[in-house]
$ cat final-v3.txt   # compact mmCIF, C-alpha atoms
# COMPACT_ATOMS: atom_id res chain seq x y z
CA MET A 1 0.00 0.00 0.00
CA ARG A 2 1.32 3.43 -0.90
CA GLN A 3 2.59 5.35 2.07
CA PRO A 4 1.02 8.74 2.86
CA LYS A 5 2.96 11.79 1.83
CA GLN A 6 5.42 12.99 4.41
CA GLN A 7 4.23 16.49 5.22
CA ASN A 8 6.16 19.04 7.26
CA THR A 9 9.10 16.72 7.82
CA PRO A 10 11.96 18.93 9.04
CA LEU A 11 15.33 19.06 7.41
CA PHE A 12 17.89 17.47 9.66
CA ARG A 13 20.68 19.38 11.36
CA PRO A 14 23.34 17.16 12.94
CA SER A 15 24.65 19.79 15.33
CA GLN A 16 21.31 19.94 17.11
CA HIS A 17 21.29 16.27 18.17
CA SER A 18 23.10 14.37 20.89
CA TRP A 19 22.99 11.15 18.85
CA GLY A 20 20.83 9.23 21.32
CA PRO A 21 18.28 6.68 20.02
CA GLU A 22 15.52 9.28 20.24
CA ALA A 23 17.30 11.30 17.54
CA PHE A 24 16.47 8.60 14.97
CA THR A 25 12.77 8.01 15.41
CA ASN A 26 12.18 9.12 11.83
CA PRO A 27 11.94 6.01 9.60
CA LEU A 28 13.93 7.72 6.85
CA PHE A 29 17.14 6.93 8.73
CA GLY A 30 16.38 3.23 8.67
CA TYR A 31 15.52 3.28 4.97
CA ILE A 32 18.79 5.02 4.10
CA GLU A 33 20.89 2.73 6.29
CA ALA A 34 19.31 -0.35 4.72
CA LEU A 35 19.93 0.89 1.17
CA LEU A 36 23.54 1.86 1.83
CA PHE A 37 24.28 -1.37 3.68
CA ALA A 38 22.81 -3.57 0.94
CA SER A 39 24.27 -1.71 -2.04
CA ASP A 40 27.48 -2.95 -3.67
CA ARG A 41 28.26 0.55 -4.95
CA PRO A 42 28.02 4.12 -3.66
CA LEU A 43 24.49 5.55 -3.87
CA SER A 44 23.85 9.18 -4.74
CA ILE A 45 21.05 11.25 -3.24
CA ASP A 46 19.19 10.91 -6.55
CA ASP A 47 19.62 7.11 -6.44
CA MET A 48 18.11 6.93 -2.98
CA HIS A 49 15.32 9.35 -3.89
CA GLN A 50 14.33 7.28 -6.92
CA ILE A 51 14.38 4.00 -4.98
CA LEU A 52 12.34 5.43 -2.11
CA HIS A 53 9.89 7.04 -4.54
CA SER A 54 9.43 3.72 -6.39
CA ALA A 55 8.58 2.13 -3.02
CA GLY A 56 5.90 4.76 -2.35
CA HIS A 57 7.86 7.07 -0.06
CA ASP A 58 7.65 10.73 -1.03
CA TRP A 59 10.75 12.04 0.70
CA MET A 60 12.31 15.09 -0.94
CA PRO A 61 15.98 14.98 -2.02
CA GLN A 62 16.77 17.74 0.49
CA GLN A 63 15.33 15.62 3.31
CA ILE A 64 17.31 12.58 2.18
CA GLU A 65 20.52 14.58 2.01
CA GLY A 66 19.85 16.03 5.46
CA ALA A 67 19.38 12.55 6.93
CA VAL A 68 22.53 11.32 5.18
CA ARG A 69 24.51 14.22 6.64
CA GLU A 70 23.24 13.31 10.10
CA LEU A 71 24.30 9.70 9.65
CA GLU A 72 27.68 10.88 8.39
CA ALA A 73 28.19 13.01 11.49
CA MET A 74 27.06 10.22 13.79
CA HIS A 75 29.65 7.84 12.32
CA GLN A 76 32.54 10.29 12.57
CA SER A 77 33.33 9.15 16.11
CA PRO A 78 36.70 7.32 16.18
CA ILE A 79 35.17 4.53 18.27
CA ARG A 80 32.60 3.64 15.61
CA GLY A 81 33.30 0.59 13.45
CA LEU A 82 31.77 2.12 10.33
CA GLN A 83 32.11 5.43 8.57
CA LEU A 84 29.73 6.93 6.04
CA ILE A 85 31.81 8.59 3.35
CA GLU A 86 31.09 10.49 0.17
CA VAL A 87 32.90 8.75 -2.67
CA ALA A 88 32.55 8.30 -6.44
CA GLY A 89 29.58 10.66 -6.64
CA GLY A 90 27.62 8.88 -3.91
CA TRP A 91 27.63 7.61 -0.33
CA GLN A 92 28.94 4.34 1.04
CA PHE A 93 29.51 2.65 4.39
CA ARG A 94 33.13 1.64 4.95
CA SER A 95 34.96 0.19 7.89
CA ASN A 96 36.86 2.57 10.12
CA PRO A 97 40.54 2.63 9.00
CA GLU A 98 41.47 2.36 12.69
CA HIS A 99 40.22 -1.24 12.59
CA THR A 100 42.10 -2.36 9.47
CA ASP A 101 44.37 -4.84 11.26
CA LEU A 102 41.41 -6.38 13.03
CA ILE A 103 39.48 -6.88 9.79
CA ARG A 104 42.52 -8.42 8.09
CA LYS A 105 42.63 -11.05 10.81
CA LEU A 106 38.97 -11.83 10.15
CA PHE A 107 39.46 -12.47 6.45
CA HIS A 108 43.14 -13.53 6.47
CA PHE A 109 43.92 -11.49 3.40
CA ARG A 110 46.14 -8.70 2.18
CA PRO A 111 44.53 -5.70 0.57
CA PRO A 112 44.73 -5.60 -3.24
CA ARG A 113 47.86 -3.90 -4.46
CA VAL A 114 48.46 -1.82 -7.56
CA THR A 115 51.82 -2.32 -9.25
CA LYS A 116 54.04 0.54 -10.28
CA ALA A 117 53.26 -0.16 -13.95
CA ALA A 118 49.53 -0.08 -13.22
CA LEU A 119 49.88 3.20 -11.35
CA GLU A 120 51.76 4.69 -14.30
CA CYS A 121 48.96 3.65 -16.68
CA LEU A 122 46.26 4.90 -14.34
CA SER A 123 48.04 8.22 -13.94
CA ALA A 124 48.40 8.67 -17.70
CA ILE A 125 44.75 7.82 -18.28
CA ALA A 126 43.41 9.85 -15.33
CA TYR A 127 45.15 13.06 -16.39
CA ARG A 128 44.81 12.69 -20.18
CA GLN A 129 41.44 10.95 -20.59
CA PRO A 130 40.02 10.05 -22.96
CA VAL A 131 43.26 8.56 -24.26
CA THR A 132 44.32 5.78 -26.62
CA ARG A 133 46.63 2.92 -25.72
CA SER A 134 49.32 4.26 -28.08
CA GLU A 135 49.23 7.58 -26.23
CA VAL A 136 49.68 5.76 -22.92
CA ASP A 137 52.58 3.81 -24.47
CA ALA A 138 54.18 7.07 -25.60
CA ILE A 139 53.86 8.61 -22.14
CA ARG A 140 55.34 5.56 -20.38
CA GLY A 141 57.88 4.64 -23.05
CA VAL A 142 56.92 0.95 -22.94
CA ASP A 143 54.14 -1.29 -24.19
CA SER A 144 51.12 -1.02 -21.88
CA GLY A 145 48.81 -3.61 -23.44
CA GLY A 146 49.06 -6.24 -20.70
CA VAL A 147 48.75 -3.73 -17.88
CA MET A 148 45.73 -2.08 -19.45
CA ARG A 149 44.02 -5.44 -19.93
CA THR A 150 44.48 -6.07 -16.22
CA LEU A 151 43.06 -2.64 -15.39
CA LEU A 152 40.07 -3.35 -17.59
CA GLU A 153 39.51 -6.69 -15.85
CA ARG A 154 39.65 -4.95 -12.47
CA ARG A 155 37.25 -2.32 -13.85
CA LEU A 156 39.54 0.56 -12.89
CA ILE A 157 39.42 1.83 -16.48
CA ARG A 158 36.80 1.52 -19.23
CA VAL A 159 36.39 2.01 -22.97
CA VAL A 160 34.50 5.22 -23.71
CA GLY A 161 34.67 5.39 -27.52
CA ARG A 162 36.96 5.33 -30.54
CA HIS A 163 39.47 7.86 -31.81
CA ASN A 164 38.98 9.43 -35.25
CA SER A 165 42.38 8.27 -36.46
CA PRO A 166 43.30 5.41 -38.81
CA GLY A 167 42.27 2.11 -37.29
CA ARG A 168 39.80 3.82 -34.96
CA PRO A 169 41.64 2.84 -31.75
CA TYR A 170 39.73 2.60 -28.50
CA LEU A 171 39.61 5.54 -26.12
CA TYR A 172 40.08 4.79 -22.42
CA ALA A 173 39.02 6.67 -19.30
CA THR A 174 38.86 5.98 -15.59
CA SER A 175 35.76 4.32 -14.15
CA PRO A 176 33.55 4.86 -11.10
CA GLU A 177 35.41 1.91 -9.54
CA PHE A 178 38.62 3.94 -9.93
CA LEU A 179 37.10 6.65 -7.73
CA GLU A 180 35.95 4.04 -5.22
CA PHE A 181 39.36 2.34 -5.10
CA PHE A 182 41.23 5.57 -4.38
CA GLY A 183 38.52 7.08 -2.15
CA LEU A 184 37.80 10.05 -4.42
CA HIS A 185 34.48 11.83 -4.71
CA ASP A 186 35.26 12.92 -8.28
CA LEU A 187 38.22 13.57 -10.58
CA LYS A 188 38.53 17.14 -9.30
CA GLU A 189 40.07 15.69 -6.15
CA LEU A 190 43.09 14.39 -8.07
CA PRO A 191 46.23 16.36 -7.17
CA SER A 192 47.31 18.85 -9.79
CA LEU A 193 50.17 17.85 -12.06
CA ALA A 194 52.19 20.74 -10.70
CA ASP A 195 52.06 19.08 -7.28
CA VAL A 196 53.12 15.61 -8.42
CA LEU A 197 55.66 16.31 -11.18
CA PRO A 198 59.26 16.99 -10.11
CA THR A 199 60.49 20.54 -10.45
CA PRO A 200 63.50 21.14 -12.76
CA GLY A 201 65.78 21.56 -9.76
CA ASN A 202 64.65 18.26 -8.27
CA ALA A 203 64.59 16.20 -11.47
CA PRO A 204 66.75 13.06 -11.28
CA THR A 205 70.07 13.05 -13.07
CA PRO A 206 70.64 10.49 -15.84
CA ALA A 207 72.54 8.27 -13.39
CA GLU A 208 69.61 8.43 -10.96
CA THR A 209 66.96 7.75 -13.57
CA PRO A 210 65.49 4.27 -13.02
CA PRO A 211 65.67 1.87 -15.98
CA THR A 212 62.58 1.58 -18.15
CA GLU A 213 60.70 -1.66 -18.52
CA LYS A 214 61.72 -4.02 -21.25
CA THR A 215 59.31 -3.88 -24.15
CA THR A 216 57.77 -7.00 -25.55
$ encode --input "final-v3.txt" --output "structure tokens"
Amino acid sequence: MRQPKQQNTPLFRPSQHSWGPEAFTNPLFGYIEALLFASDRPLSIDDMHQILHSAGHDWMPQQIEGAVRELEAMHQSPIRGLQLIEVAGGWQFRSNPEHTDLIRKLFHFRPPRVTKAALECLSAIAYRQPVTRSEVDAIRGVDSGGVMRTLLERRLIRVVGRHNSPGRPYLYATSPEFLEFFGLHDLKELPSLADVLPTPGNAPTPAETPPTEKTT
């Protein structure tokens, strides 16, 4: 049965609450927590609004965002096991970094690592996208085919079109999973090239320059 319209529901202001159970008597908090917990990807305010609307709940986007901000503030305490973070254009529950060692013991695993070659490819694609494989090869000075296939399999990059050059090579760009993996809200949070490139005075000398990878 369709739920009645939510009239006169206040926008939420985290600073006005002491975070006791009485602060969360509004069912919207439970709906949002359930959606974020069950989702395998970050959910935007629009995502949550559409899902709630399809279920017969007429919450406004501003009310949903207000409730999300309250939940975010509630989970900022260092003693909480979960944090609600804004990442990849949406919101997602993640474990508190303070408990990383504990969680590793639970699953007996090491976190996925990104090789130096993969980081080089990701950097070239992130700052030059959309970009062809040959352009990535030119930037790195080595063949990047194998590394880029791995990045595609891990869904850190994606094909976004074809270049208007002979052979119509694929164009590559970073994916939403790239933002998730590196904890970025959007590409604007990438450091500027001026901050990551060495200055002329700090550039390595030829003797200090590491050897390039052997091409295949």
$ atom_distance --input "final-v3.txt" --atom1 "CA of Met48 (chain A)" --atom2 "CA of Glu98 (chain A)"
28.5 Å
$ atom_distance --input "final-v3.txt" --atom1 "CA of Lys105 (chain A)" --atom2 "CA of Pro78 (chain A)"
20.0 Å
$ closest_residue --input "final-v3.txt" --among "A:His75, A:His99, A:Arg149, A:Arg104" --to "Cys121 (chain A)" --atoms "only C-alpha atoms"
A:Arg149
$ closest_atom_pairs --input "final-v3.txt" --of "region 46-101 of chain A" --to "region 155-178 of chain A" --cutoff "10 Å" --atoms "all atoms listed in the file" --output "tab-separated table"
residue	atom	partner	partner_atom	distance
A:Val87	CA	A:Pro176	CA	9.3
A:Ala88	CA	A:Pro176	CA	5.9
A:Gly89	CA	A:Pro176	CA	8.3
$ atom_distance --input "final-v3.txt" --atom1 "CA of Val142 (chain A)" --atom2 "CA of Val114 (chain A)"
17.8 Å
$ residues_around --input "final-v3.txt" --residues "Phe29 (chain A)" --least-positions-apart "4" --cutoff "10 Å" --atoms "only C-alpha atoms" --output "JSON, numbers by chain"
{"A": [23, 24, 25, 33, 34, 64, 67, 68, 70, 71]}
$ closest_residue --input "final-v3.txt" --among "A:Asp47, A:His185, A:Trp59, A:Arg140" --to "Asn26 (chain A)" --atoms "all atoms listed in the file"
A:Trp59
$ decode --input "final-v3.txt" --residues "region 33-44 of chain A" --atoms "N, CA and C atoms" --output "PDB file, in the first residue's frame"
ATOM      1  N   GLU A  33      19.894   3.689   5.816  1.00  0.00           N
ATOM      2  CA  GLU A  33      20.894   2.731   6.290  1.00  0.00           C
ATOM      3  C   GLU A  33      20.757   1.390   5.574  1.00  0.00           C
ATOM      4  N   ALA A  34      19.526   0.934   5.387  1.00  0.00           N
ATOM      5  CA  ALA A  34      19.306  -0.351   4.719  1.00  0.00           C
ATOM      6  C   ALA A  34      19.796  -0.304   3.283  1.00  0.00           C
ATOM      7  N   LEU A  35      19.507   0.776   2.567  1.00  0.00           N
ATOM      8  CA  LEU A  35      19.925   0.888   1.172  1.00  0.00           C
ATOM      9  C   LEU A  35      21.446   0.924   1.062  1.00  0.00           C
ATOM     10  N   LEU A  36      22.088   1.730   1.908  1.00  0.00           N
ATOM     11  CA  LEU A  36      23.539   1.859   1.831  1.00  0.00           C
ATOM     12  C   LEU A  36      24.236   0.572   2.254  1.00  0.00           C
ATOM     13  N   PHE A  37      23.683  -0.120   3.224  1.00  0.00           N
ATOM     14  CA  PHE A  37      24.278  -1.367   3.680  1.00  0.00           C
ATOM     15  C   PHE A  37      24.178  -2.451   2.606  1.00  0.00           C
ATOM     16  N   ALA A  38      23.042  -2.498   1.910  1.00  0.00           N
ATOM     17  CA  ALA A  38      22.811  -3.570   0.936  1.00  0.00           C
ATOM     18  C   ALA A  38      23.462  -3.307  -0.412  1.00  0.00           C
ATOM     19  N   SER A  39      23.753  -2.052  -0.707  1.00  0.00           N
ATOM     20  CA  SER A  39      24.271  -1.711  -2.035  1.00  0.00           C
ATOM     21  C   SER A  39      25.729  -2.122  -2.185  1.00  0.00           C
ATOM     22  N   ASP A  40      26.090  -2.593  -3.381  1.00  0.00           N
ATOM     23  CA  ASP A  40      27.476  -2.949  -3.670  1.00  0.00           C
ATOM     24  C   ASP A  40      28.223  -1.805  -4.341  1.00  0.00           C
ATOM     25  N   ARG A  41      27.625  -0.631  -4.360  1.00  0.00           N
ATOM     26  CA  ARG A  41      28.256   0.547  -4.949  1.00  0.00           C
ATOM     27  C   ARG A  41      27.783   1.783  -4.191  1.00  0.00           C
ATOM     28  N   PRO A  42      28.492   2.896  -4.288  1.00  0.00           N
ATOM     29  CA  PRO A  42      28.018   4.121  -3.656  1.00  0.00           C
ATOM     30  C   PRO A  42      26.678   4.566  -4.256  1.00  0.00           C
ATOM     31  N   LEU A  43      25.792   5.062  -3.420  1.00  0.00           N
ATOM     32  CA  LEU A  43      24.493   5.552  -3.866  1.00  0.00           C
ATOM     33  C   LEU A  43      24.443   7.069  -3.731  1.00  0.00           C
ATOM     34  N   SER A  44      24.014   7.728  -4.785  1.00  0.00           N
ATOM     35  CA  SER A  44      23.854   9.177  -4.742  1.00  0.00           C
ATOM     36  C   SER A  44      22.508   9.521  -4.096  1.00  0.00           C
TER      37      SER A  44
END
